>>> print(open('input_0.pdb').read())   # PDB, C-alpha atoms
ATOM      1  CA  MET A 104     -10.471   6.729  -2.133
ATOM      2  CA  ILE A 105      -6.781   7.512  -2.407
ATOM      3  CA  ASP A 106      -6.050  10.744  -4.285
ATOM      4  CA  THR A 107      -3.196  10.322  -6.757
ATOM      5  CA  ASN A 108      -2.209  13.977  -6.277
ATOM      6  CA  LYS A 109      -1.366  13.269  -2.634
ATOM      7  CA  VAL A 110       1.073  10.475  -3.498
ATOM      8  CA  SER A 111       4.431  12.028  -4.417
ATOM      9  CA  PHE A 112       6.413  10.248  -7.119
ATOM     10  CA  ASN A 113       9.598  12.077  -6.076
ATOM     11  CA  PHE A 114       9.092  10.958  -2.465
ATOM     12  CA  ILE A 115       8.661   7.315  -3.536
ATOM     13  CA  LYS A 116      11.986   7.488  -5.389
ATOM     14  CA  LYS A 117      13.741   8.353  -2.099
ATOM     15  CA  GLU A 118      11.705   6.892   0.800
ATOM     16  CA  PRO A 119       8.800   4.466   1.337
ATOM     17  CA  PHE A 120       5.460   6.275   1.125
ATOM     18  CA  THR A 121       2.884   4.944   3.590
ATOM     19  CA  GLY A 122      -0.729   5.699   4.343
ATOM     20  CA  SER A 123      -4.086   4.236   5.274
ATOM     21  CA  ASP A 124      -7.699   4.523   4.209
ATOM     22  CA  SER A 125     -10.816   2.855   5.626
ATOM     23  CA  GLY A 126      -8.979   0.051   7.437
ATOM     24  CA  MET A 127      -6.447  -0.625   4.669
ATOM     25  CA  ARG A 128      -2.821   0.325   5.156
ATOM     26  CA  TYR A 129      -0.469   0.700   2.214
ATOM     27  CA  ARG A 130       3.172   1.249   1.355
ATOM     28  CA  LEU A 131       4.791   2.261  -1.941
ATOM     29  CA  GLU A 132       8.558   1.987  -2.236
ATOM     30  CA  LYS A 133      11.298   2.016  -4.820
ATOM     31  CA  HIS A 134      12.698  -1.440  -5.313
ATOM     32  CA  SER A 135      15.554  -2.588  -7.527
ATOM     33  CA  GLU A 136      16.234  -5.888  -9.188
ATOM     34  CA  GLY A 137      19.450  -5.907 -11.138
ATOM     35  CA  GLU A 138      19.568  -2.618 -12.987
ATOM     36  CA  GLU A 139      15.786  -2.255 -13.147
ATOM     37  CA  ASP A 140      13.908  -0.057 -10.661
ATOM     38  CA  TYR A 141      10.189  -0.383  -9.969
ATOM     39  CA  ILE A 142       7.523   0.580  -7.433
ATOM     40  CA  LEU A 143       6.671  -2.198  -5.006
ATOM     41  CA  VAL A 144       3.240  -1.683  -3.429
ATOM     42  CA  HIS A 145       1.881  -3.537  -0.396
ATOM     43  CA  VAL A 146      -1.547  -3.443   1.248
ATOM     44  CA  TRP A 147      -2.551  -5.013   4.569
ATOM     45  CA  PRO A 148      -5.295  -4.650   7.181
ATOM     46  CA  GLU A 149      -5.033  -2.347  10.185
ATOM     47  CA  PRO A 150      -4.005  -2.071  13.006
ATOM     48  CA  TYR A 151      -0.358  -3.128  12.737
ATOM     49  CA  ASN A 152       2.475  -1.402  10.903
ATOM     50  CA  PHE A 153       4.212  -3.032   7.931
ATOM     51  CA  VAL A 154       6.986  -4.719   9.908
ATOM     52  CA  SER A 155       4.654  -6.095  12.597
ATOM     53  CA  THR A 156       2.118  -7.549  10.146
ATOM     54  CA  GLU A 157       2.419 -11.183   9.097
ATOM     55  CA  ASP A 158       3.434 -11.572   5.450
ATOM     56  CA  ALA A 159       0.388 -13.791   4.862
ATOM     57  CA  LEU A 160      -1.848 -10.755   5.475
ATOM     58  CA  LYS A 161      -0.057  -8.588   2.888
ATOM     59  CA  THR A 162      -0.874  -8.333  -0.802
ATOM     60  CA  SER A 163       1.765  -6.916  -3.141
ATOM     61  CA  GLU A 164       2.074  -5.731  -6.723
ATOM     62  CA  THR A 165       4.773  -4.048  -8.801
ATOM     63  CA  PHE A 166       4.627  -1.122 -11.219
ATOM     64  CA  PRO A 167       7.176   0.733 -13.351
ATOM     65  CA  LEU A 168       9.134   3.443 -11.537
ATOM     66  CA  THR A 169       7.654   6.199 -13.704
ATOM     67  CA  PRO A 170       4.994   8.861 -13.137
ATOM     68  CA  GLU A 171       2.602   6.663 -15.138
ATOM     69  CA  GLY A 172       3.545   3.679 -12.971
ATOM     70  CA  LYS A 173       2.688   5.717  -9.891
ATOM     71  CA  GLU A 174      -0.749   6.445 -11.400
ATOM     72  CA  GLU A 175      -1.231   2.711 -12.053
ATOM     73  CA  ALA A 176      -0.157   1.931  -8.480
ATOM     74  CA  VAL A 177      -2.706   4.359  -7.019
ATOM     75  CA  SER A 178      -5.416   2.890  -9.279
ATOM     76  CA  TRP A 179      -4.493  -0.564  -7.973
ATOM     77  CA  LEU A 180      -4.669   0.715  -4.373
ATOM     78  CA  ASN A 181      -8.170   2.042  -5.023
ATOM     79  CA  PHE A 182      -9.140  -1.269  -6.630
ATOM     80  CA  MET A 183      -7.875  -3.129  -3.561
ATOM     81  CA  LEU A 184      -9.745  -0.694  -1.307
ATOM     82  CA  GLU A 185     -12.999  -1.555  -3.088
ATOM     83  CA  SER A 186     -12.447  -5.258  -3.774
ATOM     84  CA  LYS A 187     -11.499  -6.104  -0.181
ATOM     85  CA  ALA A 188     -13.893  -3.634   1.464
ATOM     86  CA  GLU A 189     -15.360  -6.364   3.687
ATOM     87  CA  LEU A 190     -11.943  -7.062   5.235
ATOM     88  CA  TRP A 191     -11.071  -3.383   5.675
ATOM     89  CA  ASN A 192     -14.456  -2.647   7.265
ATOM     90  CA  ARG A 193     -14.048  -5.566   9.650
ATOM     91  CA  VAL A 194     -10.829  -4.115  11.106
ATOM     92  CA  LYS A 195     -11.522  -0.392  10.704
ATOM     93  CA  ASP A 196     -11.716   1.534  13.987
ATOM     94  CA  LYS A 197     -11.529  -1.630  16.091
ATOM     95  CA  PRO A 198      -9.476  -1.678  19.261
ATOM     96  CA  LEU A 199      -6.349  -3.754  18.819
ATOM     97  CA  LEU A 200      -7.331  -6.457  21.316
ATOM     98  CA  SER A 201     -10.737  -7.026  19.681
ATOM     99  CA  ILE A 202      -9.235  -8.381  16.460
ATOM    100  CA  MET A 203      -6.456 -10.509  17.899
TER
END
>>> encode(input="input_0.pdb", output="structure tokens")
Amino acid sequence: MIDTNKVSFNFIKKEPFTGSDSGMRYRLEKHSEGEEDYILVHVWPEPYNFVSTEDALKTSETFPLTPEGKEEAVSWLNFMLESKAELWNRVKDKPLLSIM
């Protein structure tokens, strides 16, 4: 489970915040469209980093760029952690060559 207190809203406003839990990797970043800013959140299976992972393996969602939006984003991450547990468990702690 991802602890909302360990995800810094101020950090997200300046740099992408990344982490992993139980085979799931995630990234929260500030994104802008026109004059509106929001938090763009991605999840994908280990072992690769964000750039090296195929887009087809990533799931994304957006949330308001507010402290409440950050809380919603972390709730969504925990939902994804539970709802796709079979996928995360399949890749967790596996050597890179065994899942290619």
>>> residues_around(input="input_0.pdb", residues="Glu132 (chain A)", least_positions_apart="5", cutoff="10 Å", atoms="all atoms listed in the file", output="number ranges by chain")
A: 112, 114-121, 141-145, 165, 168
>>> atom_distance(input="input_0.pdb", atom1="CA of Ser125 (chain A)", atom2="CA of Lys195 (chain A)")
6.1 Å
>>> closest_residue(input="input_0.pdb", among="A:Asn152, A:Thr169, A:Thr162, A:Asn113", to="Glu139 (chain A)", atoms="all atoms listed in the file")
A:Thr169
>>> closest_residue(input="input_0.pdb", among="A:Gly172, A:Arg128, A:Ile105, A:Asn192", to="Pro150 (chain A)", atoms="all atoms listed in the file")
A:Arg128
>>> atom_distance(input="input_0.pdb", atom1="CA of Trp179 (chain A)", atom2="CA of Phe153 (chain A)")
18.3 Å
